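Visitor: To start, I am sharing the structure in question, which I have written as structure tokens.
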Amino acid sequence: MTVTTTWDLRRILPKHRHLEAVTDRFGKHLDKVFNDGTAKNLMCLTGTIMVVYKGKPYNIPVCLWLKQSYPRTAPICYVKPTHEMMIVSSRHVNSNGEIMLPYLDEWRHTQCDLHSLIQVIMAVFGEVPPLCMRPEYSGSVHPPMYSVEELSHVKLDTEDHLFNELNETSC
């Protein structure tokens, strides 16, 4: 771990108490490896980032992988949905949960850092949430397949009465 990485982590972790730095095998949970087929132990910031969407706070589970070349190269970032959640693909998150932002594509180690990356993620996900609750499925071992049209509305358990009488919201 470089001095810059240590400095970045010391700056980030107190501000984002629901994130922790761990060393893990990249791809263990993602069924992914590097382009050359190798897997490596990498530093990962894992946990949740608080995002405000339509005035309400939501904790978005993420994993920000720091390659050995960090900070010269951008982190590899994913949302990590729980079993109750599903990924909502958009221009900023693909169907595998990989976070795709211009900030990452245009990463310059002299100008970019983890703190700014998290701020960008919070802003983007505050506009277009990357996750939603899974539609309920009636006790089936395997969830049914849904079309995009069927997933446009899902039921959420909420007690804040901000939703309509059927407790529906767009995903």
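Residues in the structure tokens are numbered from 1 in each chain, the chains being A, B, ... in the order shown, and ligands are numbered from 1 in the order shown.
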Near A:Thr110, counting only C-alpha atoms, which residues have an atom at most 9 Å away, once you skip same-chain residues fewer than 2 positions from it, shown as a ChimeraX atom specification?
Guide: /A:71-72,107-108,112-113
Visitor: Include N, CA and C atoms and write out the residues we just selected as a PDB file, in the first residue's frame.
Guide:
ATOM      1  N   PRO A  71      -2.681   5.048  -6.711  1.00  0.00           N
ATOM      2  CA  PRO A  71      -3.670   5.980  -7.256  1.00  0.00           C
ATOM      3  C   PRO A  71      -3.448   6.370  -8.716  1.00  0.00           C
ATOM      4  N   ARG A  72      -2.453   5.760  -9.373  1.00  0.00           N
ATOM      5  CA  ARG A  72      -2.236   6.104 -10.790  1.00  0.00           C
ATOM      6  C   ARG A  72      -3.397   5.643 -11.656  1.00  0.00           C
ATOM      7  N   TRP A 107      -9.898   9.421 -14.987  1.00  0.00           N
ATOM      8  CA  TRP A 107      -9.106   9.453 -13.763  1.00  0.00           C
ATOM      9  C   TRP A 107      -7.702  10.008 -14.009  1.00  0.00           C
ATOM     10  N   ARG A 108      -7.330  10.996 -13.239  1.00  0.00           N
ATOM     11  CA  ARG A 108      -5.975  11.570 -13.242  1.00  0.00           C
ATOM     12  C   ARG A 108      -5.499  11.564 -11.803  1.00  0.00           C
ATOM     13  N   CYS A 112      -7.618  13.351  -8.958  1.00  0.00           N
ATOM     14  CA  CYS A 112      -8.717  12.505  -8.500  1.00  0.00           C
ATOM     15  C   CYS A 112      -8.314  11.740  -7.239  1.00  0.00           C
ATOM     16  N   ASP A 113      -9.295  11.489  -6.377  1.00  0.00           N
ATOM     17  CA  ASP A 113      -9.030  10.721  -5.160  1.00  0.00           C
ATOM     18  C   ASP A 113     -10.314  10.032  -4.708  1.00  0.00           C
TER      19      ASP A 113
END
Visitor: Per DSSP on the backbone, filter stretch 29-83 of chain A down to the residues in strand (DSSP E or B) and report them as number ranges by chain.
Guide: A: 41-53, 56-66, 76-79
Visitor: Would you put the residues from that selection into a file with N, CA and C atoms, as a short mmCIF file (atom, residue, chain, number, x, y, z; two decimals), in the first residue's frame?
Guide:
data_model
loop_
_atom_site.label_atom_id
_atom_site.label_comp_id
_atom_site.auth_asym_id
_atom_site.auth_seq_id
_atom_site.Cartn_x
_atom_site.Cartn_y
_atom_site.Cartn_z
N ASN A 41 -4.96 -10.38 -4.74
CA ASN A 41 -5.43 -9.79 -3.48
C ASN A 41 -5.30 -8.29 -3.61
N LEU A 42 -6.40 -7.59 -3.35
CA LEU A 42 -6.41 -6.14 -3.47
C LEU A 42 -7.07 -5.52 -2.24
N MET A 43 -6.76 -4.27 -2.01
CA MET A 43 -7.44 -3.50 -0.99
C MET A 43 -8.82 -3.14 -1.53
N CYS A 44 -9.81 -3.22 -0.67
CA CYS A 44 -11.18 -2.93 -1.08
C CYS A 44 -11.86 -2.09 0.00
N LEU A 45 -12.52 -1.04 -0.42
CA LEU A 45 -13.41 -0.30 0.48
C LEU A 45 -14.79 -0.91 0.29
N THR A 46 -15.31 -1.52 1.32
CA THR A 46 -16.59 -2.20 1.22
C THR A 46 -17.52 -1.72 2.32
N GLY A 47 -18.80 -1.73 2.03
CA GLY A 47 -19.81 -1.26 2.97
C GLY A 47 -20.87 -0.47 2.24
N THR A 48 -21.38 0.57 2.90
CA THR A 48 -22.43 1.35 2.27
C THR A 48 -22.08 2.83 2.20
N ILE A 49 -22.61 3.45 1.16
CA ILE A 49 -22.50 4.89 0.97
C ILE A 49 -23.92 5.44 1.08
N MET A 50 -24.09 6.46 1.91
CA MET A 50 -25.41 7.07 2.09
C MET A 50 -25.70 8.01 0.93
N VAL A 51 -26.85 7.76 0.30
CA VAL A 51 -27.29 8.54 -0.84
C VAL A 51 -28.67 9.12 -0.52
N VAL A 52 -28.90 10.36 -0.88
CA VAL A 52 -30.21 10.97 -0.68
C VAL A 52 -30.93 10.97 -2.02
N TYR A 53 -32.07 10.27 -2.05
CA TYR A 53 -32.89 10.19 -3.26
C TYR A 53 -34.29 10.69 -2.90
N LYS A 56 -34.94 11.35 0.79
CA LYS A 56 -34.81 10.28 1.77
C LYS A 56 -33.43 9.63 1.67
N PRO A 57 -32.80 9.32 2.80
CA PRO A 57 -31.48 8.67 2.77
C PRO A 57 -31.60 7.16 2.51
N TYR A 58 -30.70 6.66 1.70
CA TYR A 58 -30.60 5.23 1.41
C TYR A 58 -29.14 4.82 1.51
N ASN A 59 -28.89 3.64 2.05
CA ASN A 59 -27.53 3.11 2.12
C ASN A 59 -27.32 2.17 0.95
N ILE A 60 -26.42 2.55 0.07
CA ILE A 60 -26.13 1.78 -1.13
C ILE A 60 -24.87 0.94 -0.88
N PRO A 61 -25.00 -0.39 -0.91
CA PRO A 61 -23.83 -1.24 -0.69
C PRO A 61 -22.89 -1.19 -1.90
N VAL A 62 -21.62 -0.95 -1.63
CA VAL A 62 -20.62 -0.82 -2.69
C VAL A 62 -19.34 -1.56 -2.32
N CYS A 63 -18.52 -1.75 -3.31
CA CYS A 63 -17.18 -2.28 -3.14
C CYS A 63 -16.28 -1.52 -4.12
N LEU A 64 -15.30 -0.81 -3.58
CA LEU A 64 -14.38 -0.02 -4.40
C LEU A 64 -13.00 -0.69 -4.32
N TRP A 65 -12.62 -1.37 -5.37
CA TRP A 65 -11.37 -2.12 -5.41
C TRP A 65 -10.22 -1.20 -5.82
N LEU A 66 -9.16 -1.20 -5.03
CA LEU A 66 -7.98 -0.40 -5.35
C LEU A 66 -6.91 -1.32 -5.93
N ILE A 76 -11.76 0.02 -9.29
CA ILE A 76 -12.79 -0.77 -9.97
C ILE A 76 -13.96 -0.80 -9.00
N CYS A 77 -15.09 -0.25 -9.40
CA CYS A 77 -16.18 -0.02 -8.46
C CYS A 77 -17.43 -0.82 -8.83
N TYR A 78 -18.07 -1.39 -7.81
CA TYR A 78 -19.29 -2.16 -7.98
C TYR A 78 -20.31 -1.80 -6.92
N VAL A 79 -21.60 -1.88 -7.26
CA VAL A 79 -22.64 -1.92 -6.25
C VAL A 79 -22.78 -3.39 -5.87
#
Visitor: Between atom CA of A:Val88 and atom CA of A:Leu131, what is the spacing in Å?
Guide: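 For atom CA of A:Leu131 relative to atom CA of A:Val88, the distance reads 5.2 Å.
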Visitor: Go through A:Thr82, A:His109, A:Thr23, A:Pro102 and flag the residue nearest A:Ser69, using only C-alpha atoms for the distances.
Guide: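 Nearest candidate to A:Ser69 out of A:Thr82, A:His109, A:Thr23, A:Pro102: A:His109.
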Visitor: Tell me which of A:Leu114, A:Met133, A:Ala123, A:Ile87 sits closest to A:Arg10, counting only C-alpha atoms.
Guide: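 Closest to A:Arg10 of all the choices is A:Leu114.
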Visitor: One decimal, Å: what's the distance from atom CA of A:Gln119 over to atom CA of A:Ser95, could you say?
Guide: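 Separation between atom CA of A:Gln119 and atom CA of A:Ser95: 22.5 Å.
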